[in-house]
Every structure is written in structure tokens, then in C-alpha cells.
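Trainee: Pasting a structure here, questions to come.
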Amino acid sequence: MRRRRVPEMEQRIHLVPINAIEAAFLDRLALCLEERFLARVELERALSVPRSAMNSTRGQLFLSTLFGKVQRAHPESDGVLLAITDYDLYKTAHRFIFGDADEVQNVAAVSLHRLRSEFYGEPPDANQLFQRTLKESVHELGHAFGLKHCYNVRCAMYYSNSIFETDNKLPHFCEACDRRISRARNERSPRDG
Ligand SMILES: [Zn+2]
Ligand SMILES: [Zn+2]
């Protein structure tokens with residue numbers, strides 16, 4: 001069998017800010033995700049999504065609408081697209097979602113809307129917002145790389161139904177999920193044999 005030479009595997013994550021998101025916040029997120037996934041994280045230009053794209057009755061943005069826009073803006077993407085948005089997101093049969101991912105289409109999204117302490121009537125807390133965003137981003141990228149939900153309440157792949165559950169989990173995977181993601185990523189890498 002002819003061996004195909006493949007350079008050291010390098011997966012890419014493209015961070016796609018929806019409208020204006022603070023640059024320092026995105027830079028810090030990109031660095032942490034790079035370290036977490038050992039992947040190259042590229043910060044893309046902000047994608048403009050007007051308020052008219054929202055479901056006006058719900059005051060929320062439909063997840064599939066967002067995924068469609070992100071994919072149309074990056075048709076030749078060579079990795080996972082992770083959209084970061086201030087819009088409150090929902091999908092069918094869900095009142096709201098913190099985020100979601102489509103493993104087949106390689107697209108994911110995280111909403112900051114319900115991660116902000118102001119949403120719960122508390123004063124702004126930039127560090128808390130960052131930690132929550134990191135946990136939900138690690139979670140959605142975990143899905144994009146093939147992980148399912150985990151029953152370990154401290155694991156990033158635990159399904160958060162409320163902000164308390166997000167706060168209670170850690171911004172990384174448990175040992176079992178760590179092993180699963182390494183296996184899944186190796187299977188996806190373009191190696192022969
Ligand atoms: Zn999930
Ligand atoms: Zn886990």
C-alpha cells in the first residue's frame with residue numbers, strides 16, 4: 001500500500017463572532033481553545049446578522065438560521081466553525097439553548113445571552129462570563145469532534161440545563177471523555193492503514 005505523507009495533524013477551529021464581540025475576550029477564548037484542543041484557532045471577521053433575523057415573537061434567533069448564515073459565509077471552511085453570539089438562541093422543542101453543534105456539518109454556536117450575570121439580575125462579571133463561555137465552547141466543540149453528553153457533573157460534556165450546572169462544571173473533559181476525543185480525532189485524521 002502506498003503511504004500518503006500527511007503533515008502533523010492540525011485541526012482548525014474558526015471562531016466567528018456574530019456582530020460586535022469584544023476583541024480581547026475573543027483573543028483570550030481563542031488561546032484557551034487552542035491549548036485545550038491542540039488545534040489552530042483562527043479568529044474570523046465578524047459576521048453581521050441583523051436583528052431582523054430573529055424570531056420577533058420570541059425575541060430569539062433560531063439556531064438553524066444562524067448555522068445557515070455562518071456556513072454560507074464560510075463555504076470552503078477546512079475545520080469547525082464556532083459562532084459566538086449575543087443573540088439568545090433556540091431550537092425546535094427547546095425554550096432556549098446555551099449553544100449547540102452539528103457534528104456532520106462541522107458548525108457550532110455559543111450564545112453569551114444567558115451566560116451574562118446581568119441576565120440573572122446580577123452586576124456584570126467579565127471573568128465569570130469568560131469562564132462560562134469557555135465551558136460552553138469546549139462543550140460544543142466536544143460535540144463537533146464527536147463527543148456525546150457525559151454523566152459526570154464536573155465534565156465539560158455534562159449537559160447544562162441551567163446556569164448553575166454550567167457554573168458547576170469544569171472547562172475541560174473528564175478522563176473518559178478525554179480518551180474518547182483522542183480516539184475520535186485520530187479516526188478522523190487523514191491517515192491510511
Ligand atoms: Zn451538549
Ligand atoms: Zn466526561
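Identifiers in the C-alpha cells: chain A, B, ... in order shown; residue index from 1 per chain; ligand index from 1 in order shown.
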Excluding Ala30 of chain A and any residue of its chain fewer than 2 positions from it, enumerate the residues within 12 Å of it, using only C-alpha atoms, and give them as a count of residues only.
Mentor: 32
Trainee: At a cut-off of 9 Å, using only C-alpha atoms, what residues contact Phe67 of chain A? Leave out same-chain residues fewer than 5 positions from it and give the result as a list in words.
Mentor: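 Skipping anything fewer than 5 positions along the chain leaves Phe62, Arg72, Ala83, Asp102, Val107, Ala108 and Ala109 of chain A.
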Trainee: Selection from above, C-alpha atoms, as a short mmCIF file (atom, residue, chain, number, x, y, z; two decimals), in the first residue's frame, can you write it?
Mentor:
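part11.cif, freshly written:
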```
data_model
loop_
_atom_site.label_atom_id
_atom_site.label_comp_id
_atom_site.auth_asym_id
_atom_site.auth_seq_id
_atom_site.Cartn_x
_atom_site.Cartn_y
_atom_site.Cartn_z
CA PHE A 62 -33.32 30.19 15.55
CA ARG A 72 -22.83 30.49 3.73
CA ALA A 83 -20.04 31.15 16.15
CA ASP A 102 -23.67 19.85 14.27
CA VAL A 107 -20.60 24.04 12.75
CA ALA A 108 -21.24 25.06 16.35
CA ALA A 109 -22.53 28.09 18.23
#
```
Trainee: Return as a PDB file with C-alpha atoms, in the first residue's frame the residues of protein, DNA or RNA that approach ligand 2 to within 7 Å, with only C-alpha atoms and all ligand atoms taken into account.
Mentor:
```pdb
ATOM      1  CA  CYS A 150     -21.333  12.840  29.897  1.00  0.00           C
ATOM      2  CA  TYR A 151     -22.923  11.988  33.262  1.00  0.00           C
ATOM      3  CA  ASN A 152     -20.015  13.410  35.230  1.00  0.00           C
ATOM      4  CA  CYS A 155     -17.073  17.295  32.986  1.00  0.00           C
ATOM      5  CA  ALA A 156     -17.404  19.934  30.254  1.00  0.00           C
ATOM      6  CA  MET A 157     -19.577  17.458  28.317  1.00  0.00           C
ATOM      7  CA  TYR A 158     -22.209  17.435  31.062  1.00  0.00           C
ATOM      8  CA  PHE A 173     -13.142  16.982  29.810  1.00  0.00           C
ATOM      9  CA  CYS A 174     -13.146  14.152  32.341  1.00  0.00           C
ATOM     10  CA  GLU A 175     -10.624  11.365  31.752  1.00  0.00           C
ATOM     11  CA  ALA A 176     -13.153   9.184  29.944  1.00  0.00           C
ATOM     12  CA  CYS A 177     -14.149  11.973  27.523  1.00  0.00           C
TER      13      CYS A 177
END
```
Trainee: Which residues of chain A come within 8 Å of ligand 1, and for each one, what is the closest pair of atoms and their distance in Å to one decimal, counting only C-alpha atoms and all ligand atoms, sorted by chain and residue number, as JSON lines?
Mentor:
```
{"residue": "A:Gly99", "atom": "CA", "partner": "ligand 1", "partner_atom_place_in_ligand_line": "1 (Zn)", "distance": 7.7}
{"residue": "A:Asp100", "atom": "CA", "partner": "ligand 1", "partner_atom_place_in_ligand_line": "1 (Zn)", "distance": 6.3}
{"residue": "A:Ala101", "atom": "CA", "partner": "ligand 1", "partner_atom_place_in_ligand_line": "1 (Zn)", "distance": 7.6}
{"residue": "A:His139", "atom": "CA", "partner": "ligand 1", "partner_atom_place_in_ligand_line": "1 (Zn)", "distance": 6.2}
{"residue": "A:Glu140", "atom": "CA", "partner": "ligand 1", "partner_atom_place_in_ligand_line": "1 (Zn)", "distance": 6.2}
{"residue": "A:His143", "atom": "CA", "partner": "ligand 1", "partner_atom_place_in_ligand_line": "1 (Zn)", "distance": 6.6}
{"residue": "A:Lys148", "atom": "CA", "partner": "ligand 1", "partner_atom_place_in_ligand_line": "1 (Zn)", "distance": 7.0}
{"residue": "A:His149", "atom": "CA", "partner": "ligand 1", "partner_atom_place_in_ligand_line": "1 (Zn)", "distance": 5.8}
{"residue": "A:Met157", "atom": "CA", "partner": "ligand 1", "partner_atom_place_in_ligand_line": "1 (Zn)", "distance": 6.4}
{"residue": "A:Tyr158", "atom": "CA", "partner": "ligand 1", "partner_atom_place_in_ligand_line": "1 (Zn)", "distance": 7.1}
{"residue": "A:Tyr159", "atom": "CA", "partner": "ligand 1", "partner_atom_place_in_ligand_line": "1 (Zn)", "distance": 5.2}
{"residue": "A:Ser160", "atom": "CA", "partner": "ligand 1", "partner_atom_place_in_ligand_line": "1 (Zn)", "distance": 7.7}
```
Trainee: Write out, as a PDB file, in the first residue's frame, the residues just selected, with C-alpha atoms.
Mentor:
```
ATOM      1  CA  GLY A  99     -25.300  26.566  22.342  1.00  0.00           C
ATOM      2  CA  ASP A 100     -25.276  23.579  20.041  1.00  0.00           C
ATOM      3  CA  ALA A 101     -23.151  21.801  17.459  1.00  0.00           C
ATOM      4  CA  HIS A 139     -18.718  21.530  25.262  1.00  0.00           C
ATOM      5  CA  GLU A 140     -19.901  22.413  21.744  1.00  0.00           C
ATOM      6  CA  HIS A 143     -19.725  17.569  20.168  1.00  0.00           C
ATOM      7  CA  LYS A 148     -21.776  12.851  23.409  1.00  0.00           C
ATOM      8  CA  HIS A 149     -23.062  14.080  26.762  1.00  0.00           C
ATOM      9  CA  MET A 157     -19.577  17.458  28.317  1.00  0.00           C
ATOM     10  CA  TYR A 158     -22.209  17.435  31.062  1.00  0.00           C
ATOM     11  CA  TYR A 159     -25.448  18.826  29.639  1.00  0.00           C
ATOM     12  CA  SER A 160     -26.273  22.123  31.355  1.00  0.00           C
TER      13      SER A 160
END
```
Trainee: Taking into account only C-alpha atoms, which residue in the set A:Leu147, A:Gly79, A:Arg45, A:Lys91 is nearest to Asp178 of chain A?
Mentor: A:Leu147
Trainee: Using only C-alpha atoms, pick whichever of A:Glu118, A:Ser48, A:Arg58, A:Lys169 has the shortest atom-to-atom distance to Thr85 of chain A.
Mentor: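 Among the listed residues, A:Ser48 lies closest to Thr85 of chain A.
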Trainee: Run DSSP on the backbone and give me the residues of segment 80-130 of chain A it puts in strand (DSSP E or B), as a list of chain:residue names.
Mentor: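 Taking segment 80-130 of chain A and keeping strand (DSSP E or B) only, one gets A:Val80, A:Leu81, A:Leu82, A:Ala83, A:Ile84, A:Thr85, A:Leu89, A:Tyr90, A:Ile97, A:Gly99, A:Asp100, A:Ala101, A:Asp102, A:Val107, A:Ala108, A:Ala109, A:Val110, A:Ser111.
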Trainee: Take the residues from that selection and write them out as an mmCIF file, in the first residue's frame, keeping N, CA and C atoms.
Mentor:
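To be explicit, this is the file written out as result-v8.cif:
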```cif
data_model
loop_
_atom_site.group_PDB
_atom_site.id
_atom_site.type_symbol
_atom_site.label_atom_id
_atom_site.label_comp_id
_atom_site.auth_asym_id
_atom_site.auth_seq_id
_atom_site.Cartn_x
_atom_site.Cartn_y
_atom_site.Cartn_z
ATOM 1 N N VAL A 80 -13.762 23.283 12.019
ATOM 2 C CA VAL A 80 -15.028 23.523 12.707
ATOM 3 C C VAL A 80 -15.259 25.029 12.812
ATOM 4 N N LEU A 81 -16.471 25.452 12.481
ATOM 5 C CA LEU A 81 -16.857 26.858 12.623
ATOM 6 C C LEU A 81 -17.573 27.017 13.953
ATOM 7 N N LEU A 82 -17.061 27.888 14.808
ATOM 8 C CA LEU A 82 -17.725 28.131 16.093
ATOM 9 C C LEU A 82 -18.170 29.585 16.153
ATOM 10 N N ALA A 83 -19.488 29.786 16.093
ATOM 11 C CA ALA A 83 -20.044 31.147 16.147
ATOM 12 C C ALA A 83 -20.246 31.548 17.606
ATOM 13 N N ILE A 84 -19.883 32.787 17.915
ATOM 14 C CA ILE A 84 -20.102 33.337 19.255
ATOM 15 C C ILE A 84 -21.062 34.513 19.087
ATOM 16 N N THR A 85 -22.202 34.432 19.760
ATOM 17 C CA THR A 85 -23.214 35.461 19.550
ATOM 18 C C THR A 85 -23.829 35.969 20.846
ATOM 19 N N LEU A 89 -30.420 32.109 21.737
ATOM 20 C CA LEU A 89 -30.669 31.082 20.720
ATOM 21 C C LEU A 89 -31.752 30.100 21.162
ATOM 22 N N TYR A 90 -32.457 29.549 20.195
ATOM 23 C CA TYR A 90 -33.389 28.449 20.496
ATOM 24 C C TYR A 90 -33.377 27.473 19.343
ATOM 25 N N ILE A 97 -31.316 27.624 24.254
ATOM 26 C CA ILE A 97 -30.110 26.792 24.362
ATOM 27 C C ILE A 97 -28.904 27.702 24.629
ATOM 28 N N GLY A 99 -26.047 26.774 23.574
ATOM 29 C CA GLY A 99 -25.300 26.566 22.342
ATOM 30 C C GLY A 99 -25.655 25.216 21.764
ATOM 31 N N ASP A 100 -25.047 24.896 20.638
ATOM 32 C CA ASP A 100 -25.276 23.579 20.041
ATOM 33 C C ASP A 100 -24.199 23.351 18.978
ATOM 34 N N ALA A 101 -24.135 22.119 18.496
ATOM 35 C CA ALA A 101 -23.151 21.801 17.459
ATOM 36 C C ALA A 101 -23.731 20.774 16.509
ATOM 37 N N ASP A 102 -23.303 20.843 15.261
ATOM 38 C CA ASP A 102 -23.672 19.852 14.266
ATOM 39 C C ASP A 102 -22.394 19.152 13.822
ATOM 40 N N VAL A 107 -20.267 22.679 12.342
ATOM 41 C CA VAL A 107 -20.599 24.038 12.749
ATOM 42 C C VAL A 107 -21.168 23.995 14.165
ATOM 43 N N ALA A 108 -20.799 25.003 14.960
ATOM 44 C CA ALA A 108 -21.239 25.064 16.352
ATOM 45 C C ALA A 108 -21.510 26.513 16.716
ATOM 46 N N ALA A 109 -22.240 26.716 17.807
ATOM 47 C CA ALA A 109 -22.528 28.086 18.233
ATOM 48 C C ALA A 109 -22.655 28.132 19.743
ATOM 49 N N VAL A 110 -22.265 29.260 20.319
ATOM 50 C CA VAL A 110 -22.449 29.514 21.748
ATOM 51 C C VAL A 110 -23.067 30.904 21.881
ATOM 52 N N SER A 111 -24.099 30.991 22.711
ATOM 53 C CA SER A 111 -24.745 32.279 22.961
ATOM 54 C C SER A 111 -24.292 32.839 24.302
#
```
Trainee: Between atom CA of Ile18 of chain A and atom CA of Glu136 of chain A, what distance in Å does the model show, to one decimal?
Mentor: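 Distance between the two atoms: 16.3 Å.
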Trainee: Report the residues of chain A whose backbone DSSP state falls under alpha helix (DSSP H), written as a short mmCIF file (atom, residue, chain, number, x, y, z; two decimals) with N, CA and C atoms, in the first residue's frame.
Mentor:
```cif
data_model
loop_
_atom_site.label_atom_id
_atom_site.label_comp_id
_atom_site.auth_asym_id
_atom_site.auth_seq_id
_atom_site.Cartn_x
_atom_site.Cartn_y
_atom_site.Cartn_z
N ALA A 23 -12.85 42.30 21.31
CA ALA A 23 -11.70 41.62 20.72
C ALA A 23 -10.85 40.90 21.77
N ALA A 24 -10.61 41.53 22.91
CA ALA A 24 -9.77 40.92 23.94
C ALA A 24 -10.39 39.62 24.45
N PHE A 25 -11.69 39.64 24.55
CA PHE A 25 -12.44 38.46 25.00
C PHE A 25 -12.25 37.31 24.01
N LEU A 26 -12.35 37.63 22.72
CA LEU A 26 -12.22 36.60 21.69
C LEU A 26 -10.79 36.07 21.60
N ASP A 27 -9.82 36.97 21.77
CA ASP A 27 -8.41 36.55 21.74
C ASP A 27 -8.12 35.56 22.86
N ARG A 28 -8.64 35.88 24.03
CA ARG A 28 -8.42 35.02 25.20
C ARG A 28 -9.10 33.66 24.99
N LEU A 29 -10.31 33.71 24.43
CA LEU A 29 -11.04 32.47 24.16
C LEU A 29 -10.27 31.62 23.15
N ALA A 30 -9.77 32.26 22.09
CA ALA A 30 -9.04 31.54 21.05
C ALA A 30 -7.81 30.85 21.65
N LEU A 31 -7.09 31.56 22.51
CA LEU A 31 -5.89 30.98 23.13
C LEU A 31 -6.23 29.77 23.98
N CYS A 32 -7.26 29.89 24.79
CA CYS A 32 -7.65 28.79 25.68
C CYS A 32 -8.11 27.58 24.87
N LEU A 33 -8.84 27.82 23.79
CA LEU A 33 -9.34 26.70 22.98
C LEU A 33 -8.19 26.02 22.23
N GLU A 34 -7.22 26.83 21.82
CA GLU A 34 -6.04 26.31 21.14
C GLU A 34 -5.32 25.31 22.05
N GLU A 35 -5.16 25.72 23.28
CA GLU A 35 -4.48 24.91 24.27
C GLU A 35 -5.30 23.66 24.59
N ARG A 36 -6.59 23.82 24.73
CA ARG A 36 -7.49 22.72 25.10
C ARG A 36 -7.56 21.66 24.02
N PHE A 37 -7.63 22.08 22.75
CA PHE A 37 -7.86 21.13 21.66
C PHE A 37 -6.60 20.84 20.84
N LEU A 63 -31.56 28.56 15.85
CA LEU A 63 -30.22 28.00 15.66
C LEU A 63 -29.92 27.71 14.19
N SER A 64 -30.87 27.09 13.48
CA SER A 64 -30.61 26.72 12.08
C SER A 64 -30.41 27.94 11.21
N THR A 65 -31.09 29.04 11.54
CA THR A 65 -30.90 30.29 10.79
C THR A 65 -29.45 30.73 10.94
N LEU A 66 -28.96 30.69 12.18
CA LEU A 66 -27.58 31.10 12.44
C LEU A 66 -26.59 30.17 11.74
N PHE A 67 -26.78 28.86 11.89
CA PHE A 67 -25.88 27.90 11.26
C PHE A 67 -25.82 28.14 9.74
N GLY A 68 -26.98 28.37 9.13
CA GLY A 68 -27.04 28.61 7.69
C GLY A 68 -26.21 29.83 7.30
N LYS A 69 -26.35 30.90 8.06
CA LYS A 69 -25.62 32.14 7.74
C LYS A 69 -24.11 31.94 7.90
N VAL A 70 -23.72 31.26 8.96
CA VAL A 70 -22.29 31.03 9.22
C VAL A 70 -21.70 30.16 8.10
N GLN A 71 -22.43 29.14 7.71
CA GLN A 71 -21.91 28.25 6.67
C GLN A 71 -21.85 28.94 5.31
N ARG A 72 -22.85 29.77 5.02
CA ARG A 72 -22.83 30.49 3.73
C ARG A 72 -21.67 31.47 3.69
N ALA A 73 -21.30 32.02 4.85
CA ALA A 73 -20.19 32.99 4.89
C ALA A 73 -18.83 32.28 4.79
N ALA A 126 -16.96 40.09 34.23
CA ALA A 126 -16.28 39.73 32.98
C ALA A 126 -15.59 38.37 33.08
N ASN A 127 -14.99 38.10 34.24
CA ASN A 127 -14.27 36.83 34.37
C ASN A 127 -15.23 35.64 34.38
N GLN A 128 -16.34 35.83 35.08
CA GLN A 128 -17.35 34.76 35.12
C GLN A 128 -17.91 34.51 33.71
N LEU A 129 -18.16 35.59 32.98
CA LEU A 129 -18.67 35.45 31.62
C LEU A 129 -17.67 34.67 30.77
N PHE A 130 -16.38 34.98 30.96
CA PHE A 130 -15.38 34.28 30.19
C PHE A 130 -15.36 32.78 30.52
N GLN A 131 -15.35 32.47 31.81
CA GLN A 131 -15.30 31.07 32.23
C GLN A 131 -16.50 30.30 31.69
N ARG A 132 -17.68 30.89 31.78
CA ARG A 132 -18.89 30.23 31.29
C ARG A 132 -18.81 30.02 29.77
N THR A 133 -18.30 31.03 29.07
CA THR A 133 -18.19 30.93 27.61
C THR A 133 -17.19 29.84 27.23
N LEU A 134 -16.10 29.79 27.98
CA LEU A 134 -15.10 28.76 27.70
C LEU A 134 -15.70 27.36 27.90
N LYS A 135 -16.43 27.16 29.00
CA LYS A 135 -17.03 25.84 29.27
C LYS A 135 -18.00 25.45 28.16
N GLU A 136 -18.85 26.38 27.76
CA GLU A 136 -19.84 26.06 26.72
C GLU A 136 -19.16 25.88 25.36
N SER A 137 -18.09 26.62 25.11
CA SER A 137 -17.37 26.45 23.84
C SER A 137 -16.67 25.09 23.79
N VAL A 138 -16.05 24.71 24.91
CA VAL A 138 -15.39 23.39 24.98
C VAL A 138 -16.45 22.30 24.78
N HIS A 139 -17.61 22.49 25.39
CA HIS A 139 -18.72 21.53 25.26
C HIS A 139 -19.15 21.37 23.79
N GLU A 140 -19.41 22.49 23.13
CA GLU A 140 -19.90 22.41 21.74
C GLU A 140 -18.82 21.89 20.80
N LEU A 141 -17.58 22.28 21.02
CA LEU A 141 -16.50 21.74 20.18
C LEU A 141 -16.33 20.25 20.45
N GLY A 142 -16.54 19.85 21.69
CA GLY A 142 -16.51 18.42 22.03
C GLY A 142 -17.50 17.66 21.16
N HIS A 143 -18.72 18.19 21.05
CA HIS A 143 -19.73 17.57 20.17
C HIS A 143 -19.22 17.55 18.73
N ALA A 144 -18.69 18.70 18.28
CA ALA A 144 -18.24 18.79 16.89
C ALA A 144 -17.15 17.75 16.61
N ILE A 163 -27.82 27.71 34.38
CA ILE A 163 -26.53 28.34 34.58
C ILE A 163 -25.80 27.73 35.80
N PHE A 164 -26.57 27.18 36.75
CA PHE A 164 -25.94 26.55 37.93
C PHE A 164 -25.12 25.35 37.49
N GLU A 165 -25.66 24.60 36.53
CA GLU A 165 -24.94 23.43 36.05
C GLU A 165 -23.70 23.84 35.25
N THR A 166 -23.82 24.92 34.53
CA THR A 166 -22.64 25.42 33.81
C THR A 166 -21.57 25.83 34.81
N ASP A 167 -21.98 26.57 35.85
CA ASP A 167 -21.00 27.02 36.85
C ASP A 167 -20.36 25.86 37.59
N ASN A 168 -21.11 24.78 37.73
CA ASN A 168 -20.63 23.63 38.50
C ASN A 168 -19.64 22.75 37.73
N GLU A 175 -11.59 12.29 32.37
CA GLU A 175 -10.62 11.37 31.75
C GLU A 175 -11.25 10.52 30.65
N ALA A 176 -12.48 10.06 30.92
CA ALA A 176 -13.15 9.18 29.94
C ALA A 176 -13.40 9.95 28.63
N CYS A 177 -13.87 11.18 28.74
CA CYS A 177 -14.15 11.97 27.52
C CYS A 177 -12.85 12.33 26.81
N ASP A 178 -11.81 12.59 27.60
CA ASP A 178 -10.51 12.87 27.03
C ASP A 178 -10.04 11.72 26.14
N ARG A 179 -10.22 10.49 26.65
CA ARG A 179 -9.83 9.31 25.88
C ARG A 179 -10.69 9.18 24.63
N ARG A 180 -12.02 9.43 24.81
CA ARG A 180 -12.93 9.31 23.67
C ARG A 180 -12.58 10.32 22.58
N ILE A 181 -12.24 11.53 22.98
CA ILE A 181 -11.99 12.55 21.95
C ILE A 181 -10.67 12.27 21.22
N SER A 182 -9.68 11.76 21.93
CA SER A 182 -8.43 11.42 21.23
C SER A 182 -8.69 10.34 20.20
N ARG A 183 -9.51 9.33 20.60
CA ARG A 183 -9.83 8.25 19.67
C ARG A 183 -10.59 8.80 18.47
N ALA A 184 -11.61 9.61 18.75
CA ALA A 184 -12.45 10.14 17.67
C ALA A 184 -11.62 10.99 16.71
N ARG A 185 -10.71 11.78 17.27
CA ARG A 185 -9.92 12.66 16.41
C ARG A 185 -8.91 11.89 15.59
N ASN A 186 -8.38 10.82 16.16
CA ASN A 186 -7.46 10.01 15.38
C ASN A 186 -8.16 9.33 14.22
N GLU A 187 -9.41 8.89 14.48
CA GLU A 187 -10.16 8.25 13.41
C GLU A 187 -10.46 9.22 12.27
N ARG A 188 -10.65 10.48 12.64
CA ARG A 188 -10.99 11.48 11.62
C ARG A 188 -9.77 11.96 10.85
#
```
Trainee: Closest to Ser77 of chain A among A:Arg116, A:Asn106, A:Glu10, A:Val49, using only C-alpha atoms?
Mentor: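 Result for the nearest residue to Ser77 of chain A: A:Asn106.
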Trainee: Would you work out the distance separating atom CA of Glu22 of chain A from atom CA of Leu170 of chain A, expressed in Å to one decimal?
Mentor: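 One can read the atom CA of Glu22 of chain A to atom CA of Leu170 of chain A distance as 23.4 Å.
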